[in-house]
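Content type mmCIF, C-alpha atoms, pLDDT in the B column; chains and numbers go by the auth columns, from the file model.cif:
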data_my_file
#
loop_
_atom_site.group_PDB
_atom_site.id
_atom_site.type_symbol
_atom_site.label_atom_id
_atom_site.label_comp_id
_atom_site.label_asym_id
_atom_site.label_seq_id
_atom_site.Cartn_x
_atom_site.Cartn_y
_atom_site.Cartn_z
_atom_site.B_iso_or_equiv
_atom_site.auth_seq_id
_atom_site.auth_asym_id
ATOM 1 C CA MET A 1 -0.749 -1.845 12.393 92.00 1364 A
ATOM 2 C CA TYR A 2 -4.189 -3.127 11.402 96.00 1365 A
ATOM 3 C CA VAL A 3 -4.685 -3.962 7.709 96.00 1366 A
ATOM 4 C CA VAL A 4 -7.985 -4.988 6.117 97.00 1367 A
ATOM 5 C CA VAL A 5 -7.545 -6.903 2.859 96.00 1368 A
ATOM 6 C CA VAL A 6 -10.725 -7.031 0.764 97.00 1369 A
ATOM 7 C CA GLY A 7 -10.620 -9.837 -1.770 95.00 1370 A
ATOM 8 C CA GLY A 8 -9.545 -13.349 -0.927 93.00 1371 A
ATOM 9 C CA GLY A 9 -8.180 -14.474 -4.277 91.00 1372 A
ATOM 10 C CA LYS A 10 -4.528 -15.255 -4.926 88.00 1373 A
ATOM 11 C CA VAL A 11 -3.379 -11.651 -4.541 88.00 1374 A
ATOM 12 C CA GLY A 12 -5.241 -11.145 -1.271 91.00 1375 A
ATOM 13 C CA THR A 13 -4.126 -14.511 0.075 92.00 1376 A
ATOM 14 C CA TYR A 14 -0.430 -13.975 -0.632 89.00 1377 A
ATOM 15 C CA LEU A 15 -0.599 -10.429 0.703 90.00 1378 A
ATOM 16 C CA ALA A 16 -2.249 -11.564 3.941 92.00 1379 A
ATOM 17 C CA LYS A 17 0.438 -14.229 4.415 91.00 1380 A
ATOM 18 C CA ARG A 18 3.187 -11.650 3.895 89.00 1381 A
ATOM 19 C CA LEU A 19 1.634 -9.209 6.351 91.00 1382 A
ATOM 20 C CA LEU A 20 1.147 -11.923 8.962 93.00 1383 A
ATOM 21 C CA SER A 21 4.786 -12.950 8.593 90.00 1384 A
ATOM 22 C CA GLU A 22 5.686 -9.373 9.585 88.00 1385 A
ATOM 23 C CA ASP A 23 3.449 -9.572 12.685 91.00 1386 A
ATOM 24 C CA LYS A 24 0.807 -7.202 11.333 92.00 1387 A
ATOM 25 C CA GLU A 25 -2.809 -7.482 12.497 96.00 1388 A
ATOM 26 C CA VAL A 26 -4.747 -8.598 9.423 97.00 1389 A
ATOM 27 C CA LEU A 27 -8.331 -9.325 8.442 97.00 1390 A
ATOM 28 C CA ILE A 28 -9.125 -10.764 5.013 97.00 1391 A
ATOM 29 C CA LEU A 29 -12.639 -10.148 3.719 97.00 1392 A
ATOM 30 C CA GLU A 30 -14.257 -12.289 1.010 97.00 1393 A
ATOM 31 C CA LYS A 31 -17.853 -12.308 -0.227 96.00 1394 A
ATOM 32 C CA ASP A 32 -17.863 -15.666 -2.011 96.00 1395 A
ATOM 33 C CA PRO A 33 -18.853 -18.427 0.471 96.00 1396 A
ATOM 34 C CA ASP A 34 -16.826 -21.127 -1.270 95.00 1397 A
ATOM 35 C CA GLN A 35 -13.662 -19.043 -1.357 95.00 1398 A
ATOM 36 C CA HIS A 36 -14.271 -17.950 2.225 95.00 1399 A
ATOM 37 C CA ALA A 37 -14.310 -21.600 3.271 95.00 1400 A
ATOM 38 C CA VAL A 38 -10.905 -22.028 1.628 94.00 1401 A
ATOM 39 C CA LEU A 39 -9.580 -18.970 3.445 95.00 1402 A
ATOM 40 C CA GLN A 40 -10.903 -20.186 6.785 93.00 1403 A
ATOM 41 C CA ALA A 41 -8.900 -23.355 6.415 92.00 1404 A
ATOM 42 C CA GLN A 42 -5.741 -21.230 6.022 90.00 1405 A
ATOM 43 C CA PHE A 43 -6.381 -18.196 8.203 90.00 1406 A
ATOM 44 C CA ARG A 44 -9.088 -19.324 10.654 84.00 1407 A
ATOM 45 C CA GLU A 45 -10.403 -16.414 12.725 87.00 1408 A
ATOM 46 C CA ILE A 46 -8.989 -13.620 10.525 94.00 1409 A
ATOM 47 C CA ALA A 47 -11.048 -14.639 7.457 96.00 1410 A
ATOM 48 C CA MET A 48 -14.457 -12.938 7.327 97.00 1411 A
ATOM 49 C CA LEU A 49 -17.399 -13.583 5.002 97.00 1412 A
ATOM 50 C CA GLY A 50 -19.066 -10.458 3.627 97.00 1413 A
ATOM 51 C CA ASP A 51 -19.365 -7.905 0.836 97.00 1414 A
ATOM 52 C CA GLY A 52 -16.663 -5.279 1.317 96.00 1415 A
ATOM 53 C CA CYS A 53 -18.827 -2.651 -0.413 97.00 1416 A
ATOM 54 C CA GLU A 54 -21.458 -2.712 2.367 97.00 1417 A
ATOM 55 C CA VAL A 55 -21.243 -0.265 5.291 97.00 1418 A
ATOM 56 C CA ARG A 56 -22.490 -2.852 7.782 97.00 1419 A
ATOM 57 C CA VAL A 57 -19.802 -5.315 6.745 97.00 1420 A
ATOM 58 C CA GLN A 58 -17.131 -2.622 6.825 97.00 1421 A
ATOM 59 C CA LYS A 59 -18.094 -1.673 10.367 97.00 1422 A
ATOM 60 C CA THR A 60 -17.957 -5.300 11.515 97.00 1423 A
ATOM 61 C CA ALA A 61 -14.571 -5.689 9.816 97.00 1424 A
ATOM 62 C CA GLY A 62 -13.236 -2.718 11.779 97.00 1425 A
ATOM 63 C CA PHE A 63 -12.668 -0.200 8.983 97.00 1426 A
ATOM 64 C CA GLN A 64 -13.028 2.528 11.615 97.00 1427 A
ATOM 65 C CA ARG A 65 -9.728 1.540 13.232 96.00 1428 A
ATOM 66 C CA ALA A 66 -7.838 0.296 10.181 97.00 1429 A
ATOM 67 C CA ASP A 67 -4.483 1.862 9.349 95.00 1430 A
ATOM 68 C CA VAL A 68 -4.658 0.553 5.788 95.00 1431 A
ATOM 69 C CA VAL A 69 -7.469 -0.857 3.638 96.00 1432 A
ATOM 70 C CA VAL A 70 -6.354 -2.839 0.594 95.00 1433 A
ATOM 71 C CA ALA A 71 -8.939 -3.589 -2.109 95.00 1434 A
ATOM 72 C CA VAL A 72 -7.730 -6.403 -4.380 93.00 1435 A
ATOM 73 C CA THR A 73 -10.930 -7.933 -5.747 94.00 1436 A
ATOM 74 C CA GLY A 74 -11.247 -8.838 -9.412 90.00 1437 A
ATOM 75 C CA GLU A 75 -13.673 -5.957 -10.044 93.00 1438 A
ATOM 76 C CA ASP A 76 -12.396 -2.392 -10.447 93.00 1439 A
ATOM 77 C CA GLU A 77 -15.814 -0.992 -9.545 95.00 1440 A
ATOM 78 C CA ASP A 78 -15.747 -2.783 -6.175 96.00 1441 A
ATOM 79 C CA ASN A 79 -12.159 -1.749 -5.480 95.00 1442 A
ATOM 80 C CA LEU A 80 -12.998 1.882 -6.219 95.00 1443 A
ATOM 81 C CA ILE A 81 -16.084 1.881 -3.970 96.00 1444 A
ATOM 82 C CA ILE A 82 -14.276 0.111 -1.128 96.00 1445 A
ATOM 83 C CA SER A 83 -11.332 2.512 -1.230 95.00 1446 A
ATOM 84 C CA GLN A 84 -13.512 5.599 -1.442 94.00 1447 A
ATOM 85 C CA MET A 85 -15.743 4.501 1.445 96.00 1448 A
ATOM 86 C CA ALA A 86 -12.749 3.567 3.573 96.00 1449 A
ATOM 87 C CA SER A 87 -11.338 7.056 3.173 93.00 1450 A
ATOM 88 C CA ARG A 88 -14.480 9.185 3.276 93.00 1451 A
ATOM 89 C CA THR A 89 -16.761 7.192 5.586 95.00 1452 A
ATOM 90 C CA TRP A 90 -14.246 5.740 8.020 96.00 1453 A
ATOM 91 C CA GLY A 91 -11.326 8.162 7.771 95.00 1454 A
ATOM 92 C CA VAL A 92 -8.737 5.534 6.825 95.00 1455 A
ATOM 93 C CA ASP A 93 -5.434 7.314 6.164 90.00 1456 A
ATOM 94 C CA ARG A 94 -4.105 4.948 3.516 92.00 1457 A
ATOM 95 C CA THR A 95 -5.999 3.019 0.867 93.00 1458 A
ATOM 96 C CA VAL A 96 -4.419 0.751 -1.727 91.00 1459 A
ATOM 97 C CA ALA A 97 -6.374 -0.574 -4.702 91.00 1460 A
ATOM 98 C CA ARG A 98 -5.762 -3.153 -7.383 89.00 1461 A
ATOM 99 C CA VAL A 99 -6.585 -1.809 -10.855 89.00 1462 A
ATOM 100 C CA ASN A 100 -7.384 -4.598 -13.285 84.00 1463 A
ATOM 101 C CA ASP A 101 -7.903 -2.306 -16.286 85.00 1464 A
ATOM 102 C CA PRO A 102 -5.092 0.315 -16.510 81.00 1465 A
ATOM 103 C CA SER A 103 -7.440 2.744 -18.272 85.00 1466 A
ATOM 104 C CA HIS A 104 -9.291 3.106 -14.943 87.00 1467 A
ATOM 105 C CA THR A 105 -6.218 4.293 -13.016 82.00 1468 A
ATOM 106 C CA TRP A 106 -6.999 7.986 -13.469 85.00 1469 A
ATOM 107 C CA LEU A 107 -10.390 7.529 -11.807 88.00 1470 A
ATOM 108 C CA PHE A 108 -8.846 5.956 -8.702 88.00 1471 A
ATOM 109 C CA GLN A 109 -6.381 8.821 -8.485 82.00 1472 A
ATOM 110 C CA GLN A 110 -9.119 11.402 -8.971 84.00 1473 A
ATOM 111 C CA VAL A 111 -11.123 10.163 -5.974 84.00 1474 A
ATOM 112 C CA GLY A 112 -8.064 10.178 -3.724 83.00 1475 A
ATOM 113 C CA VAL A 113 -7.012 6.522 -3.477 87.00 1476 A
ATOM 114 C CA SER A 114 -3.554 6.608 -1.843 80.00 1477 A
ATOM 115 C CA ALA A 115 -1.934 4.069 -4.164 78.00 1478 A
ATOM 116 C CA THR A 116 -2.918 1.870 -7.080 78.00 1479 A
ATOM 117 C CA VAL A 117 -1.322 -1.307 -8.400 76.00 1480 A
ATOM 118 C CA SER A 118 -1.760 -2.429 -11.988 72.00 1481 A
ATOM 119 C CA ALA A 119 -0.017 -5.663 -12.921 65.00 1482 A
ATOM 120 C CA THR A 120 -0.504 -4.812 -16.586 64.00 1483 A
ATOM 121 C CA ASP A 121 1.349 -1.510 -16.197 63.00 1484 A
ATOM 122 C CA VAL A 122 4.179 -3.086 -14.227 60.00 1485 A
ATOM 123 C CA ILE A 123 4.707 -5.818 -16.827 56.00 1486 A
ATOM 124 C CA TYR A 124 4.507 -3.307 -19.668 58.00 1487 A
ATOM 125 C CA HIS A 125 7.157 -1.076 -18.116 55.00 1488 A
ATOM 126 C CA LEU A 126 9.394 -4.048 -17.420 50.00 1489 A
ATOM 127 C CA ILE A 127 9.235 -4.822 -21.131 53.00 1490 A
ATOM 128 C CA GLU A 128 9.978 -1.169 -21.909 53.00 1491 A
ATOM 129 C CA GLN A 129 12.912 -1.330 -19.515 49.00 1492 A
ATOM 130 C CA GLU A 130 14.467 -3.977 -21.766 51.00 1493 A
ATOM 131 C CA ILE A 131 13.733 -2.392 -25.150 45.00 1494 A
ATOM 132 C CA SER A 132 13.700 1.350 -24.379 44.00 1495 A
ATOM 133 C CA PRO A 133 16.399 2.416 -21.893 41.00 1496 A
ATOM 134 C CA GLY A 134 15.036 5.968 -21.735 38.00 1497 A
ATOM 135 C CA GLN A 135 11.719 4.961 -20.206 40.00 1498 A
ATOM 136 C CA LEU A 136 11.007 5.586 -16.546 38.00 1499 A
ATOM 137 C CA ILE A 137 10.639 2.438 -14.436 41.00 1500 A
ATOM 138 C CA PRO A 138 7.770 2.100 -11.961 44.00 1501 A
ATOM 139 C CA LEU A 139 8.914 2.248 -8.349 50.00 1502 A
ATOM 140 C CA ALA A 140 7.620 -1.183 -7.371 50.00 1503 A
ATOM 141 C CA ALA A 141 9.336 -2.828 -10.340 44.00 1504 A
ATOM 142 C CA LEU A 142 12.895 -1.600 -9.758 48.00 1505 A
ATOM 143 C CA LYS A 143 15.515 -3.625 -7.889 47.00 1506 A
ATOM 144 C CA MET A 144 19.279 -3.146 -8.040 46.00 1507 A
ATOM 145 C CA GLY A 145 21.047 -6.099 -6.467 51.00 1508 A
ATOM 146 C CA ASN A 146 19.790 -6.263 -2.895 63.00 1509 A
ATOM 147 C CA ILE A 147 18.728 -2.592 -2.869 70.00 1510 A
ATOM 148 C CA GLU A 148 15.096 -1.632 -3.276 74.00 1511 A
ATOM 149 C CA VAL A 149 13.485 1.681 -4.115 76.00 1512 A
ATOM 150 C CA VAL A 150 10.458 2.164 -1.870 77.00 1513 A
ATOM 151 C CA GLU A 151 7.956 4.901 -1.230 78.00 1514 A
ATOM 152 C CA ALA A 152 5.875 5.787 1.796 80.00 1515 A
ATOM 153 C CA THR A 153 3.237 8.448 2.416 83.00 1516 A
ATOM 154 C CA LEU A 154 3.561 9.860 5.922 87.00 1517 A
ATOM 155 C CA THR A 155 0.435 10.165 8.073 85.00 1518 A
ATOM 156 C CA SER A 156 -0.089 12.254 11.194 86.00 1519 A
ATOM 157 C CA ARG A 157 0.701 9.132 13.231 86.00 1520 A
ATOM 158 C CA SER A 158 4.075 8.540 11.617 88.00 1521 A
ATOM 159 C CA PRO A 159 6.924 8.638 14.182 90.00 1522 A
ATOM 160 C CA SER A 160 9.063 10.510 11.651 92.00 1523 A
ATOM 161 C CA VAL A 161 6.710 13.516 11.284 93.00 1524 A
ATOM 162 C CA GLY A 162 8.157 16.696 12.739 94.00 1525 A
ATOM 163 C CA ARG A 163 11.704 15.306 12.750 94.00 1526 A
ATOM 164 C CA ARG A 164 14.703 16.090 10.578 94.00 1527 A
ATOM 165 C CA VAL A 165 16.003 13.334 8.353 93.00 1528 A
ATOM 166 C CA LYS A 166 19.414 13.378 10.057 92.00 1529 A
ATOM 167 C CA ASP A 167 17.729 12.695 13.409 94.00 1530 A
ATOM 168 C CA LEU A 168 16.018 9.505 12.199 93.00 1531 A
ATOM 169 C CA GLU A 169 17.644 6.189 13.094 91.00 1532 A
ATOM 170 C CA LEU A 170 17.540 4.813 9.571 91.00 1533 A
ATOM 171 C CA PRO A 171 18.612 1.202 8.932 90.00 1534 A
ATOM 172 C CA PRO A 172 22.189 0.635 7.714 89.00 1535 A
ATOM 173 C CA LYS A 173 22.897 1.724 4.114 85.00 1536 A
ATOM 174 C CA SER A 174 19.433 3.327 3.817 88.00 1537 A
ATOM 175 C CA ASN A 175 18.810 6.822 2.466 89.00 1538 A
ATOM 176 C CA ILE A 176 15.745 9.014 1.944 90.00 1539 A
ATOM 177 C CA VAL A 177 16.531 10.631 -1.392 88.00 1540 A
ATOM 178 C CA TRP A 178 13.443 12.447 -2.645 88.00 1541 A
ATOM 179 C CA MET A 179 10.173 13.850 -1.370 89.00 1542 A
ATOM 180 C CA HIS A 180 6.907 15.116 -2.868 89.00 1543 A
ATOM 181 C CA ARG A 181 5.085 17.772 -0.823 88.00 1544 A
ATOM 182 C CA GLY A 182 2.073 19.660 -2.083 82.00 1545 A
ATOM 183 C CA ASP A 183 2.671 20.309 -5.765 79.00 1546 A
ATOM 184 C CA GLU A 184 6.442 20.089 -5.673 82.00 1547 A
ATOM 185 C CA GLY A 185 9.116 17.435 -5.562 84.00 1548 A
ATOM 186 C CA THR A 186 12.481 18.047 -3.934 86.00 1549 A
ATOM 187 C CA ILE A 187 15.758 16.358 -3.082 88.00 1550 A
ATOM 188 C CA VAL A 188 15.982 15.447 0.609 89.00 1551 A
ATOM 189 C CA ASN A 189 18.962 16.312 2.819 89.00 1552 A
ATOM 190 C CA GLY A 190 19.714 15.882 6.502 90.00 1553 A
ATOM 191 C CA GLU A 191 18.048 19.161 7.465 92.00 1554 A
ATOM 192 C CA THR A 192 14.741 18.330 5.762 92.00 1555 A
ATOM 193 C CA GLU A 193 11.934 18.197 8.334 94.00 1556 A
ATOM 194 C CA LEU A 194 9.250 15.678 7.422 93.00 1557 A
ATOM 195 C CA GLN A 195 5.550 16.547 7.534 93.00 1558 A
ATOM 196 C CA ALA A 196 2.282 14.625 7.435 91.00 1559 A
ATOM 197 C CA GLY A 197 1.257 14.068 3.830 89.00 1560 A
ATOM 198 C CA ASP A 198 4.812 13.920 2.493 88.00 1561 A
ATOM 199 C CA LEU A 199 5.478 11.150 -0.017 86.00 1562 A
ATOM 200 C CA VAL A 200 9.074 10.068 0.456 87.00 1563 A
ATOM 201 C CA VAL A 201 11.236 7.843 -1.723 86.00 1564 A
ATOM 202 C CA ALA A 202 14.094 5.888 -0.198 85.00 1565 A
ATOM 203 C CA LEU A 203 16.828 3.405 -1.074 83.00 1566 A
ATOM 204 C CA VAL A 204 17.040 0.507 1.360 82.00 1567 A
ATOM 205 C CA PRO A 205 18.646 -2.954 1.482 81.00 1568 A
ATOM 206 C CA THR A 206 15.981 -5.604 1.000 74.00 1569 A
ATOM 207 C CA GLU A 207 16.496 -7.061 4.459 79.00 1570 A
ATOM 208 C CA HIS A 208 15.877 -3.666 6.115 83.00 1571 A
ATOM 209 C CA GLU A 209 12.741 -2.648 4.192 79.00 1572 A
ATOM 210 C CA ALA A 210 10.325 -3.575 7.006 79.00 1573 A
ATOM 211 C CA LYS A 211 12.382 -1.613 9.537 85.00 1574 A
ATOM 212 C CA LEU A 212 12.425 1.473 7.327 86.00 1575 A
ATOM 213 C CA ARG A 213 8.664 1.357 6.884 79.00 1576 A
ATOM 214 C CA GLU A 214 8.235 1.216 10.677 84.00 1577 A
ATOM 215 C CA ILE A 215 10.327 4.377 11.020 87.00 1578 A
ATOM 216 C CA LEU A 216 8.377 6.167 8.306 83.00 1579 A
#
The structure in this file should be written as structure tokens.
Amino acid sequence: MYVVVVGGGKVGTYLAKRLLSEDKEVLILEKDPDQHAVLQAQFREIAMLGDGCEVRVQKTAGFQRADVVVAVTGEDEDNLIISQMASRTWGVDRTVARVNDPSHTWLFQQVGVSATVSATDVIYHLIEQEISPGQLIPLAALKMGNIEVVEATLTSRSPSVGRRVKDLELPPKSNIVWMHRGDEGTIVNGETELQAGDLVVALVPTEHEAKLREIL
């Protein structure tokens, strides 16, 4: 898997380290020369200097072969442009964007960004989790012991597409429990056949999360 991370601040740096630890191919793109110098000291040849909003830079960075483009700069406008260009210009299947101002989330969703992350929203809902038990908890914020709730959107290249859930070699104690397809959500059972575009939600032990994502 090839992942382009645009934005070499703390979020981009920690994300790149995590991806590298899982043996992913990563390139981290940063437009500030001073910050790029810092990144080069840590990441060497995978740190690239350039503006992620420019087509020329995107081509050099290899957007055309990226499996995922992650835009985590400090500017929502840049993250929106980067994500939209990755999808529409280069045909990237999955785009993930950091949303600094939660009021902008609807715009990212409207233009088709695969997933958005708002630290403000996550923190807010964690507070709500403590003071209002009836509130829904964001997926990325929920952990129960060593079990995580994770989601994955299946692409045409997913090895699970076209297969029934019961035929997948899921990690121990892992279960796919829910799926969103088209305009409907449904409970998943062993006979459910997965399709490209399905968003699936699964329960998985923390230590098996990477394996589950490979399968999906």
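Note that the spacing between atom CA of A:Asp1561 and atom CA of A:Cys1416 amounts to 29.0 Å.
One finds atom CA of A:Arg1457 at 12.3 Å from atom CA of A:Gln1427.
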- Item | Top pick for closest residue to A:Phe1426, considering A:Val1366, A:Ile1444, A:Val1462, A:Ala1400 and counting all atoms listed in the file | A:Val1366
I'd like a table as a Markdown table: residues in stretch 1374-1428 of chain A with an atom no more than 10 Å from stretch 1446-1453 of chain A, each row giving the shortest atom pair and its distance in Å to one decimal, only C-alpha atoms counted, sorted by chain and rising residue number.
| residue | atom | partner | partner_atom | distance |
| --- | --- | --- | --- | --- |
| A:Gly1415 | CA | A:Ser1446 | CA | 9.8 |
| A:Cys1416 | CA | A:Met1448 | CA | 8.0 |
| A:Glu1417 | CA | A:Met1448 | CA | 9.2 |
| A:Val1418 | CA | A:Met1448 | CA | 8.2 |
| A:Gln1421 | CA | A:Ala1449 | CA | 8.3 |
| A:Lys1422 | CA | A:Trp1453 | CA | 8.7 |
| A:Gly1425 | CA | A:Trp1453 | CA | 9.3 |
| A:Phe1426 | CA | A:Trp1453 | CA | 6.2 |
| A:Gln1427 | CA | A:Trp1453 | CA | 5.0 |
| A:Arg1428 | CA | A:Trp1453 | CA | 8.1 |
Write the selection just made, keeping C-alpha atoms, as a PDB file, in the frame of the given file?
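Result file part-v9.pdb:
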ATOM      1  CA  GLY A1415     -16.663  -5.279   1.317  1.00 96.00           C
ATOM      2  CA  CYS A1416     -18.827  -2.651  -0.413  1.00 97.00           C
ATOM      3  CA  GLU A1417     -21.458  -2.712   2.367  1.00 97.00           C
ATOM      4  CA  VAL A1418     -21.243  -0.265   5.291  1.00 97.00           C
ATOM      5  CA  GLN A1421     -17.131  -2.622   6.825  1.00 97.00           C
ATOM      6  CA  LYS A1422     -18.094  -1.673  10.367  1.00 97.00           C
ATOM      7  CA  GLY A1425     -13.236  -2.718  11.779  1.00 97.00           C
ATOM      8  CA  PHE A1426     -12.668  -0.200   8.983  1.00 97.00           C
ATOM      9  CA  GLN A1427     -13.028   2.528  11.615  1.00 97.00           C
ATOM     10  CA  ARG A1428      -9.728   1.540  13.232  1.00 96.00           C
TER      11      ARG A1428
END
Could you give me the axis-aligned bounding box of stretch 1403-1407 of chain A, with 4 Å of padding per side, as centre plus edge lengths in Å to one decimal, as lines of an AutoDock Vina configuration file?
center_x = -8.3
center_y = -20.8
center_z = 8.3
size_x = 13.2
size_y = 13.2
size_z = 12.6
Can I get the residues of stretch 1403-1459 of chain A within 10 Å of stretch 1465-1468 of chain A, each with the closest pair of atoms and their distance in Å to one decimal, using only C-alpha atoms, sorted chain first then ascending number, as CSV?
residue,atom,partner,partner_atom,distance
A:Asp1439,CA,A:His1467,CA,7.8
A:Glu1440,CA,A:His1467,CA,9.4
A:Leu1443,CA,A:His1467,CA,9.6
Write a file of the selected residues as a PDB file, in the coordinates of the input, keeping C-alpha atoms.
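Okay, this is what ended up in part.pdb:
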ATOM      1  CA  ASP A1439     -12.396  -2.392 -10.447  1.00 93.00           C
ATOM      2  CA  GLU A1440     -15.814  -0.992  -9.545  1.00 95.00           C
ATOM      3  CA  LEU A1443     -12.998   1.882  -6.219  1.00 95.00           C
TER       4      LEU A1443
END
- Query: A:Val1551, A:Met1364, A:Val1524, A:Ala1429: which is nearest A:Leu1579, counting all atoms listed in the file?
  - Reply: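 Residue with the minimum atom-to-atom distance to A:Leu1579: A:Val1524.
The space separating atom CA of A:Ser1477 from atom CA of A:Met1411 comes to 24.2 Å.
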- Task: With the file shown as input, list the residues that the PyMOL selection byres ((chain A and resi 1555-1557) around 7) selects, as a list of chain:residue names.
- Result: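 Selected by the PyMOL selection byres ((chain A and resi 1555-1557) around 7) here: A:Ser1523, A:Val1524, A:Gly1525, A:Arg1526, A:Arg1527, A:Val1528, A:Val1551, A:Asn1552, A:Gly1553, A:Glu1554, A:Gln1558, A:Asp1561.
Counting all atoms listed in the file and comparing A:Ala1460, A:Val1455, A:Val1368, A:Val1567, the residue that lies closest to A:Val1512 is A:Val1567.
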- Task: Could you tell me which residues the PyMOL selection byres ((chain A and resi 1513-1516) around 9) grabs in this file, written as a list in words?
- Result: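 When the PyMOL selection byres ((chain A and resi 1513-1516) around 9) is applied, the selected residues are Arg1457, Ser1477, Leu1502, Ala1503, Glu1511, Val1512, Leu1517, Thr1518, Ala1559, Gly1560, Asp1561, Leu1562, Val1563, Val1564, Ala1565, Leu1566, Val1567, Glu1572, Arg1576 and Leu1579 of chain A.
Using all atoms listed in the file, the nearest neighbour of A:Ala1434 within the list A:Phe1406, A:Arg1381, A:Val1374, A:Val1401 is A:Val1374.
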- For each of A:Asp1430, A:Asp1386, A:Glu1570, A:Asp1441, take the minimum atom-to-atom distance to A:Lys1536, counting all atoms listed in the file, then give the residue where this is smallest.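 Smallest separation from A:Lys1536 among the options: A:Glu1570.
If you apply the PyMOL selection byres ((chain A and resi 1432) around 6) to this structure, you end up with Val1366, Val1367, Val1431, Val1433 and Thr1458 of chain A.
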- Selection as a VMD selection string: residues within 12 Å of (-8.3, -12.3, 3.9), counting all atoms listed in the file: chain A and resid 1366 to 1383 1388 to 1395 1398 to 1413 1415 1424 1432 to 1436
